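Asks: I have a structure I would like to understand better, so I am pasting it below and will then ask my questions one at a time.
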Amino acid sequence: MKSQAVVLLNMGSPNSLFEVESFLKNMFNDPLILGIKNAFMRKMLASFITHNRVEEAKKNYQAIGGKSPLITHTLNLTNKLNELDCKRFYTYAMRYTPPFAYQVLEDIKRQGIESVVLFSLYPQFSYSTIHSSLIDAKAALQKLSFMPALYEISSYHAHPDYIGCIIERIKASLGTDNPNEFVLLLSAHSLPQSRVDGGDPYQQQCEQNKEALQKALESEGITFKKIALCYQSKVGRMKWIGPSTKDTIAKYKKHKMIIFPLSFTLDNSETEYELKILYASLAKELNVPQYRVCSCFNDSERFAKSIINILEEHLHSLK
């Protein structure tokens, strides 16, 4: 029997068009997404937002095959990890769609496992993402009266193994072409400006991520015409951190460009629809000479090995 379980944490996504509405309701009812303290008012507003967004969201998911690929990629990644690391049991929990943390941790408890690592699939820390997942997992442990030795890995935005995974994906997109002819756009999920002003370290970690990547590329002799950080997936009218990916594509429209989805480790609707369909269409309208989007790491062996390395380094540092 394995004594340690590793739970990969992510937001979750609809696995069919029927799950789109419940996904949106669960997400907008999260107090760390919709910052309304009154639970009843938050639930009402979440229902209102969902009602206004659900049909458009369904059309977007329909355009990428009727569901998000996130669950499939996550399952494949956990299978790869279990193949590579026989010492631990790897599984995953989603915040807004099944499998939820309670059911996953209940299964781990049933197995008699005494140590649990909660591992973020978000490279950069944010209160709206990994912090919400950690709170949810800890609440589940409390309800289950399950008190394993608990460890958390909540960011690794500048870790050399993670940076190496990014470079591998960029090289695959670049092929034999000259990087000097391309602008590299690092597109991260945006966040309301008020969250950053309130102390969320997400934007700072995205910028540190860019700096670490730029240094690593330079050390390999890979020099782009420009490397720019931008942000996608803004919702609503409030001010969000920028510049936006849309505006950045327009700014560099005369140049060949490669997009890397900086805040995503697994492909999802933001990469498959927003970057590869919506913004690809924009790039075509703007006559961008070349527009390429890097795939996320998904279940690549290099990313799986990086997770194991990051995990073992973290546990060793605590001894």
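The chains in the structure tokens are called A, B, ... from first to last as shown; in each chain the residues are counted from 1, and the ligands are counted from 1 in the order shown.
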Might you pull out every residue within 9 Å of stretch 274-277 of chain A, with only C-alpha atoms counted and same-chain residues fewer than 4 positions away left off, and present them as a list in words?
Replies: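 Here the qualifying residues turn out to be Asn60, Ala63, Ile64, Ser187, Gln232, Ser233, Ile259, Pro261, Ser269, Glu270, Ser281, Leu282, Arg292 and Val293 of chain A.
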Asks: Give the alpha helix (DSSP H) residues of stretch 199-265 of chain A, as assigned by DSSP on the backbone, as a PyMOL selection string.
Replies: chain A and resi 202-219+245-251
Asks: With N, CA and C atoms retained, write the just-selected residues as a CSV table (one decimal), in the first residue's frame.
Replies:
chain,number,residue,atom,x,y,z
A,202,TYR,N,-0.5,37.3,-7.9
A,202,TYR,CA,-0.5,36.7,-9.2
A,202,TYR,C,0.2,37.5,-10.3
A,203,GLN,N,-0.1,38.7,-10.4
A,203,GLN,CA,0.5,39.5,-11.5
A,203,GLN,C,2.0,39.6,-11.3
A,204,GLN,N,2.5,39.8,-10.1
A,204,GLN,CA,3.9,39.8,-9.8
A,204,GLN,C,4.6,38.5,-10.2
A,205,GLN,N,3.9,37.4,-9.9
A,205,GLN,CA,4.5,36.1,-10.2
A,205,GLN,C,4.5,35.8,-11.7
A,206,CYS,N,3.5,36.4,-12.5
A,206,CYS,CA,3.5,36.3,-13.9
A,206,CYS,C,4.7,37.0,-14.5
A,207,GLU,N,5.0,38.2,-13.9
A,207,GLU,CA,6.1,39.0,-14.4
A,207,GLU,C,7.5,38.3,-14.1
A,208,GLN,N,7.5,37.7,-12.9
A,208,GLN,CA,8.7,36.9,-12.5
A,208,GLN,C,8.9,35.7,-13.4
A,209,ASN,N,7.8,35.1,-13.8
A,209,ASN,CA,7.7,34.0,-14.7
A,209,ASN,C,8.3,34.4,-16.0
A,210,LYS,N,7.9,35.5,-16.5
A,210,LYS,CA,8.4,36.1,-17.8
A,210,LYS,C,9.9,36.3,-17.7
A,211,GLU,N,10.4,36.9,-16.6
A,211,GLU,CA,11.8,37.2,-16.5
A,211,GLU,C,12.7,35.9,-16.4
A,212,ALA,N,12.2,34.9,-15.7
A,212,ALA,CA,12.9,33.6,-15.6
A,212,ALA,C,13.0,32.9,-17.0
A,213,LEU,N,11.8,33.0,-17.7
A,213,LEU,CA,11.8,32.4,-19.1
A,213,LEU,C,12.7,33.1,-20.0
A,214,GLN,N,12.7,34.4,-20.0
A,214,GLN,CA,13.6,35.2,-20.9
A,214,GLN,C,15.1,34.9,-20.6
A,215,LYS,N,15.5,34.8,-19.4
A,215,LYS,CA,16.9,34.4,-19.0
A,215,LYS,C,17.2,33.0,-19.5
A,216,ALA,N,16.3,32.1,-19.4
A,216,ALA,CA,16.5,30.7,-19.8
A,216,ALA,C,16.6,30.6,-21.3
A,217,LEU,N,15.8,31.4,-22.0
A,217,LEU,CA,15.9,31.4,-23.5
A,217,LEU,C,17.2,32.0,-24.0
A,218,GLU,N,17.6,33.1,-23.3
A,218,GLU,CA,18.9,33.7,-23.7
A,218,GLU,C,20.1,32.8,-23.4
A,219,SER,N,20.0,32.0,-22.4
A,219,SER,CA,21.1,31.0,-22.1
A,219,SER,C,21.2,29.9,-23.1
A,245,THR,N,-4.6,40.5,-24.2
A,245,THR,CA,-4.1,39.7,-25.3
A,245,THR,C,-4.6,40.3,-26.7
A,246,LYS,N,-5.8,40.6,-26.7
A,246,LYS,CA,-6.4,41.1,-27.9
A,246,LYS,C,-5.7,42.4,-28.4
A,247,ASP,N,-5.5,43.3,-27.5
A,247,ASP,CA,-4.8,44.6,-27.8
A,247,ASP,C,-3.3,44.4,-28.2
A,248,THR,N,-2.7,43.4,-27.5
A,248,THR,CA,-1.3,43.1,-27.8
A,248,THR,C,-1.1,42.5,-29.2
A,249,ILE,N,-2.1,41.6,-29.6
A,249,ILE,CA,-2.0,41.0,-30.9
A,249,ILE,C,-2.1,42.2,-32.0
A,250,ALA,N,-3.0,43.1,-31.7
A,250,ALA,CA,-3.2,44.2,-32.6
A,250,ALA,C,-1.9,45.1,-32.6
A,251,LYS,N,-1.3,45.3,-31.5
A,251,LYS,CA,-0.1,46.1,-31.4
A,251,LYS,C,1.1,45.5,-32.3
Asks: Do you know which residues are at most 12 Å from A:Phe224 counting only C-alpha atoms, after dropping those on the same chain fewer than 6 positions away, and could you put them as an MDAnalysis selection string?
Replies: chainID A and resid 170:171 174 177:185 213:215 217:218 255:258
Asks: Mind checking which residues fall within 12 Å of A:Gly199, counting only C-alpha atoms, ignoring those fewer than 6 positions away in the same chain, and posting them as a list in words?
Replies: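 Result of the neighbour search: Phe125, Ser126, Tyr127, Ser128, Pro192 and Gln193 of chain A.
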Asks: Enter the distance from atom CA of A:Ile167 to atom CA of A:Glu83, in Å, rounded to one decimal.
Replies: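 Distance between the two atoms: 24.4 Å.
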Asks: If I take atom CA of A:Ala280 and atom CA of A:Lys253, how far is one from the other in Å, to one decimal?
Replies: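 Spanning atom CA of A:Ala280 to atom CA of A:Lys253 is a straight-line distance of 11.8 Å.
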Asks: Which of these, A:Asp136, A:Asp200, A:Asp107, A:Glu168, has the shortest distance to A:Gln124 once you count only C-alpha atoms?
Replies: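 Smallest distance to A:Gln124 is found for A:Asp200.
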Asks: Applying 9 Å and only C-alpha atoms, which residues near A:Val104 remain after dropping the ones on its own chain fewer than 2 positions away? List them as a CSV table (one decimal) with C-alpha atoms, in the first residue's frame.
Replies:
chain,number,residue,atom,x,y,z
A,7,VAL,CA,-3.8,15.4,-5.4
A,91,THR,CA,-5.1,11.6,-8.4
A,92,TYR,CA,-6.9,14.9,-9.0
A,93,ALA,CA,-9.7,17.1,-7.7
A,99,PRO,CA,-14.4,14.9,-9.2
A,100,PHE,CA,-14.7,17.2,-6.2
A,101,ALA,CA,-12.2,17.3,-3.3
A,102,TYR,CA,-14.5,15.7,-0.8
A,106,GLU,CA,-12.7,10.3,1.0
A,107,ASP,CA,-11.3,7.7,-1.4
A,108,ILE,CA,-7.8,8.4,-0.2
A,109,LYS,CA,-8.9,8.1,3.5
Asks: Hey, what's within 9 Å of stretch 12-15 of chain A if we count only C-alpha atoms and toss same-chain stuff fewer than 6 positions away? As a list of chain:residue names, please?
Replies: A:Glu21, A:Ser22, A:Phe23, A:Tyr61, A:Gly66, A:Lys67, A:Ser68, A:Pro69, A:Leu70, A:Ile71, A:Thr72, A:Ala93, A:Met94, A:Arg95, A:Tyr96, A:Thr97, A:Pro98, A:Pro99, A:Asn268, A:Ser269
Asks: Go ahead and compute the interatomic distance for atom CA of A:Lys254 and atom CA of A:Ile222, in Å to one decimal.
Replies: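 These atoms are spaced 20.9 Å apart.
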Asks: From the options A:Leu81, A:Val20, A:Leu191, A:Met147, which residue's atoms come nearest to A:Ile33, counting only C-alpha atoms?
Replies: A:Leu191
Asks: List as a PyMOL selection string the protein and nucleic acid residues near A:Glu312, meaning an atom at most 12 Å away when only C-alpha atoms are counted, but skip any in the same chain fewer than 3 places from it.
Replies: chain A and resi 6+85+87-88+117+119+151+153+305-309+315-319
Asks: Give me a file of those residues, with C-alpha atoms, as a compact mmCIF listing (two decimals), in the first residue's frame.
Replies:
# COMPACT_ATOMS: atom_id res chain seq x y z
CA VAL A 6 -0.68 13.54 -4.47
CA ASP A 85 6.44 7.22 -9.73
CA LYS A 87 6.11 5.40 -4.54
CA ARG A 88 2.98 7.55 -4.56
CA VAL A 117 0.27 16.51 -1.02
CA PHE A 119 -0.31 20.13 -5.81
CA TYR A 151 1.77 19.35 2.32
CA ILE A 153 2.72 23.16 -3.41
CA LYS A 305 8.77 14.38 -14.44
CA SER A 306 8.84 18.08 -13.54
CA ILE A 307 5.94 17.60 -11.14
CA ILE A 308 7.77 14.72 -9.47
CA ASN A 309 11.01 16.77 -9.22
CA LEU A 315 9.43 17.52 0.58
CA HIS A 316 13.22 17.26 0.93
CA SER A 317 13.44 20.96 1.90
CA LEU A 318 11.09 20.30 4.83
CA LYS A 319 13.28 17.60 6.38
Asks: Could you find all residues in stretch 113-249 of chain A that DSSP calls strand (DSSP E) from the backbone, and write them as a PyMOL selection string?
Replies: chain A and resi 115-120+149-153+182-189+226-232
Asks: Given the selection you just returned, output its residues as a file containing C-alpha atoms, formatted as a compact mmCIF listing (two decimals), in the first residue's frame.
Replies:
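Listed below is the output, out_5.txt:
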# COMPACT_ATOMS: atom_id res chain seq x y z
CA SER A 115 0.20 11.62 3.85
CA VAL A 116 -1.35 13.96 1.27
CA VAL A 117 0.27 16.51 -1.02
CA LEU A 118 -2.01 19.14 -2.55
CA PHE A 119 -0.31 20.13 -5.81
CA SER A 120 -1.44 23.16 -7.82
CA ALA A 149 0.31 14.70 7.15
CA LEU A 150 -0.51 17.54 4.76
CA TYR A 151 1.77 19.35 2.32
CA GLU A 152 1.02 22.11 -0.19
CA ILE A 153 2.72 23.16 -3.41
CA PHE A 182 8.88 36.36 -34.16
CA VAL A 183 7.26 38.21 -31.30
CA LEU A 184 6.59 35.86 -28.36
CA LEU A 185 3.38 36.69 -26.49
CA LEU A 186 2.96 35.17 -23.03
CA SER A 187 -0.80 35.13 -22.51
CA ALA A 188 -1.95 34.65 -18.93
CA HIS A 189 -5.48 34.59 -17.53
CA LYS A 226 10.15 40.88 -28.53
CA ILE A 227 8.73 39.00 -25.54
CA ALA A 228 5.51 40.55 -24.21
CA LEU A 229 3.30 39.58 -21.28
CA CYS A 230 -0.44 40.02 -21.83
CA TYR A 231 -3.71 38.88 -20.27
CA GLN A 232 -6.83 37.16 -21.60
Asks: Using only C-alpha atoms, find the one residue out of A:Tyr252, A:Thr129, A:Ala304, A:Val288 that sits nearest to A:Lys225.
Replies: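 Checking each candidate against A:Lys225, we get A:Tyr252 as the closest.
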Asks: Which residue gives the smallest distance to A:Phe18 among A:Val54, A:Ile166, A:Ala46, A:Leu286, with only C-alpha atoms counted?
Replies: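 For A:Phe18, the nearest of the given residues is A:Val54.
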